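Student: Take this structure, written in structure tokens, and hold onto it; I'll ask about it next.
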Amino acid sequence: FAFALISEDFLLQEMTVNDNLLWMRTTALKQQNPALKVFLSVGGWSFNDPPTQHIFSNLVGSLDATNTFIENTLSVLQAYGFDGIDIDWEYPVAPERGGVPADRATLLSANYPMFMSRVKAAFAPRGYGLTFTAPSSYWYLQHFDLPSLLMSADWVNIMTYDLHGTWDSTDPFIGPLVLAHTNLTEIIETMQLFRNVGVNPSQMVMGIGFYGRSFTLVDGQCNTPGCPFSGGGDPGECSLSSGTLMFSEIEKLLDTTSDLIPVFDEAAAVKYITWNDNQWVSYDDAQTLQMKLNYANSICLGGTMIWSVDQDDSSYNALSGLYSDIDINNPSLVESGNQCQVTGCGQQCPSGYDSLTTLTQVLNMVGTCPTNNPARLCCPKGNEPQNCSWRGGGGTSCNAQCNVGEVVLALDETGDDGHPTCIQGYKAFCCSSGDPQPGACFGGCK
């Protein structure tokens, strides 16, 4: 799940208000597929913009800060049912991204690798995973001590997308020329950089983009890679960002624009289109996605990652194109009779279940339940969680936080705790850690 952020006092925090609702819904998917592992990615590109761009360097440069981060992160992982974290620091050392020289290993310090080592030491006994994200560009990659980092990390997520974009206009070696944001030839070169320093392919995860980078051409008649651009392409209806189009937006263009003929660059394993005289975008489809996947398999990479699945269309055509052997739209579900569940509004718990509390907020339903006709959180008799209570209430501004050693079973604006309904935020229904799984109440409404 991307992303969580880090506060000035080195505590994990939501990127957007009420993201913890999505955290619960995401980890609850493990009830349908027990083999699923859900990691929380920390950081991201915008986190290394002002005013927060110094936080990563301050974190890894201080033992006290690292210990605070570890203690807090462990409580979040336990409370919400995550299986580990990914550190997405973009980028250590690089001064234009808020980095400092001590981020990387030197004769006197090895801040980032040492930080990862300390996190791993705390995570390993508890079974939590640890990964990090790395760029494909040598300019930023040179500051990653990959062998040292991978002594602690389970694998590295490599951003083999965004190879090119409007930022190339200020690059003295490239300039304002349209080039595909993903290119198999350059991906192969990137993977070789990792292998040159001894990284095992089994620890390398290749990034796939479910979007395209778009440009406005200087001359619509010059529309092949290497032609000049004047700026980013027109914003999409949904992405609303110049220079970027989601897969779903590109697919809509292909479906609704007459005489639009995609150009297939076989060597680069990418396609591009030109429309409205001066608009240009590169993108992947099922054909080019399979070419990249075949390459990843040919060198025995550890896996693939996607940035980002929410940019796919409603039929998951990009996801189906990448993983053609999986029936994306009709997944097999693993049902369990040993889970808590939420009733409909006004309904009683089924036979064999006890009611733990009432809810007005039911995430798998449209709308909410009235306070005089709430839903119920029901758990199997003999397997009820222990020491449960609502936390984070007490006023109209609520903060859904459980104590260390507790898991979140539900979030609600009302909660039957005798306190006022939240106008801002949510209350958390917290129980001592153990069965059932965090977020179990969102496994499905019965």
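Letters A, B, ... mark the chains of the structure tokens in the order given; residue numbers begin at 1 per chain; ligand numbers begin at 1, in order shown.
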Stretch 267-337 of chain A: which residues are helix (DSSP H, G or I) by DSSP, as a list in words?
Tutor: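 Reading the DSSP output for stretch 267-337 of chain A, helix (DSSP H, G or I) covers Ala286, Gln287, Thr288, Leu289, Gln290, Met291, Lys292, Leu293, Asn294, Tyr295, Ala296, Asn297, Ser298, Val309, Asp310, Gln311, Asn317, Ala318, Leu319, Ser320, Gly321 and Leu322 of chain A.
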Student: Extract, using only C-alpha atoms, all DNA, RNA and protein residues at most 6 Å from A:Phe69, discarding same-chain residues fewer than 4 positions from it, and format them as JSON, numbers by chain.
Tutor: {"A": [10, 11, 73]}
Student: Given the selection you just returned, output its residues as a file containing N, CA and C atoms, formatted as a compact mmCIF listing (two decimals), in the first residue's frame.
Tutor:
# COMPACT_ATOMS: atom_id res chain seq x y z
N PHE A 10 9.20 11.22 13.74
CA PHE A 10 9.58 9.88 13.25
C PHE A 10 8.53 8.80 13.54
N LEU A 11 7.27 9.20 13.46
CA LEU A 11 6.15 8.28 13.59
C LEU A 11 5.48 8.10 12.23
N THR A 73 6.48 1.75 14.15
CA THR A 73 6.14 0.97 12.97
C THR A 73 5.67 -0.43 13.35
Student: Under the rule of at most 9 Å, produce a per-residue listing of stretch 20-49 of chain A near stretch 399-410 of chain A: chain, number, name, the closest pair of atoms, and the distance in Å, as a tab-separated table, using only C-alpha atoms.
Tutor:
residue	atom	partner	partner_atom	distance
A:Asn20	CA	A:Ala400	CA	8.4
A:Leu21	CA	A:Ala410	CA	8.8
A:Met24	CA	A:Val408	CA	8.1
Student: Please, could you write that set of residues out with N, CA and C atoms as a PDB file, in the first residue's frame?
Tutor:
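File produced: selection_30.pdb:
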ATOM      1  N   ASN A  20      -6.234   5.034   6.930  1.00  0.00           N
ATOM      2  CA  ASN A  20      -6.251   3.809   7.732  1.00  0.00           C
ATOM      3  C   ASN A  20      -7.473   2.946   7.441  1.00  0.00           C
ATOM      4  N   LEU A  21      -8.538   3.543   6.914  1.00  0.00           N
ATOM      5  CA  LEU A  21      -9.669   2.739   6.450  1.00  0.00           C
ATOM      6  C   LEU A  21      -9.244   1.846   5.295  1.00  0.00           C
ATOM      7  N   MET A  24      -7.011  -1.067   6.390  1.00  0.00           N
ATOM      8  CA  MET A  24      -7.773  -2.208   6.896  1.00  0.00           C
ATOM      9  C   MET A  24      -8.398  -3.008   5.763  1.00  0.00           C
TER      10      MET A  24
END
Student: Please list as a list in words every residue within 10 Å of A:Tyr138, counting only C-alpha atoms and excluding residues in the same chain fewer than 6 positions away.
Tutor: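 My list of contacting residues is Phe144, Thr190 and Leu193 of chain A.
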Student: Just to be explicit: take each residue in the selection above, keep C-alpha atoms, and write the result as a compact mmCIF listing (two decimals), in the first residue's frame.
Tutor:
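selection-v1.txt, freshly written:
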# COMPACT_ATOMS: atom_id res chain seq x y z
CA PHE A 144 22.74 3.27 -3.12
CA THR A 190 19.54 -1.14 -15.61
CA LEU A 193 23.98 -2.28 -13.24
Student: Tell me which of A:Thr160, A:Gln142, A:Asn111, A:Ser148 sits closest to A:Val205, counting only C-alpha atoms.
Tutor: A:Thr160
Student: From the set A:Leu293, A:Ala2, A:Lys252, A:Thr371, which residue has the shortest atom-to-atom contact distance to A:Asp19, counting only C-alpha atoms?
Tutor: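 Among the listed residues, A:Ala2 lies closest to A:Asp19.
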Student: So that I can check the surroundings of A:Asn373, please list as a list in words every protein, DNA and RNA residue that reaches within 10 Å of it, counting only C-alpha atoms and ignoring chain neighbours fewer than 2 positions away.
Tutor: Gly344, Cys345, Gly346, Gln347, Thr358, Leu359, Thr360, Cys369, Pro370, Thr371, Ala375 and Arg376 of chain A
Student: Within 9 Å of stretch 212-215 of chain A, counting only C-alpha atoms, which residues qualify if same-chain residues fewer than 6 places away don't, as a PyMOL selection string?
Tutor: chain A and resi 162+164-166+178-182+229-235+242-247+250+272+278-284
Student: Work out how far apart atom CA of A:Tyr323 and atom CA of A:Ser248 are and give it in Å to one decimal.
Tutor: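 Rounded to one decimal, the two atoms are 17.2 Å apart.
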Student: My list of candidates is A:Ser308, A:Thr274, A:Asn196, A:Ser152. Which is closest to A:Phe210 when distances are computed with only C-alpha atoms?
Tutor: A:Ser308
Student: Would you pick out the contacts of A:Val263 at 8 Å or less, using only C-alpha atoms, so that residues sharing its chain but fewer than 2 positions from it are not included, and give the list as a ChimeraX atom specification?
Tutor: /A:261,265,271-273
Student: Restricting the calculation to only C-alpha atoms, which member of A:Leu77, A:Ala268, A:Met204, A:Ile328 is positioned closest to A:Ile187?
Tutor: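 Of A:Leu77, A:Ala268, A:Met204, A:Ile328, the one nearest A:Ile187, counting only C-alpha atoms, is A:Ala268.
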Student: What is the atom CA of A:Pro92-atom CA of A:Ser75 distance in Å, reported with one decimal?
Tutor: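 Atom-to-atom, atom CA of A:Pro92 to atom CA of A:Ser75, that is 26.2 Å.
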Student: Would you mind listing what lies within 10 Å of A:Asp277 as a CSV table (one decimal) with C-alpha atoms, in the first residue's frame, with only C-alpha atoms counted and same-chain residues fewer than 2 positions away left out?
Tutor:
chain,number,residue,atom,x,y,z
A,216,THR,CA,3.3,18.3,-26.7
A,217,LEU,CA,5.3,18.1,-29.9
A,219,ASP,CA,6.1,20.0,-34.9
A,220,GLY,CA,3.3,17.4,-35.3
A,221,GLN,CA,5.0,16.2,-38.5
A,223,ASN,CA,6.4,12.5,-34.1
A,274,THR,CA,0.1,10.7,-31.9
A,275,TRP,CA,-3.2,12.6,-32.0
A,279,GLN,CA,0.0,15.2,-28.7
A,280,TRP,CA,2.3,12.1,-28.1
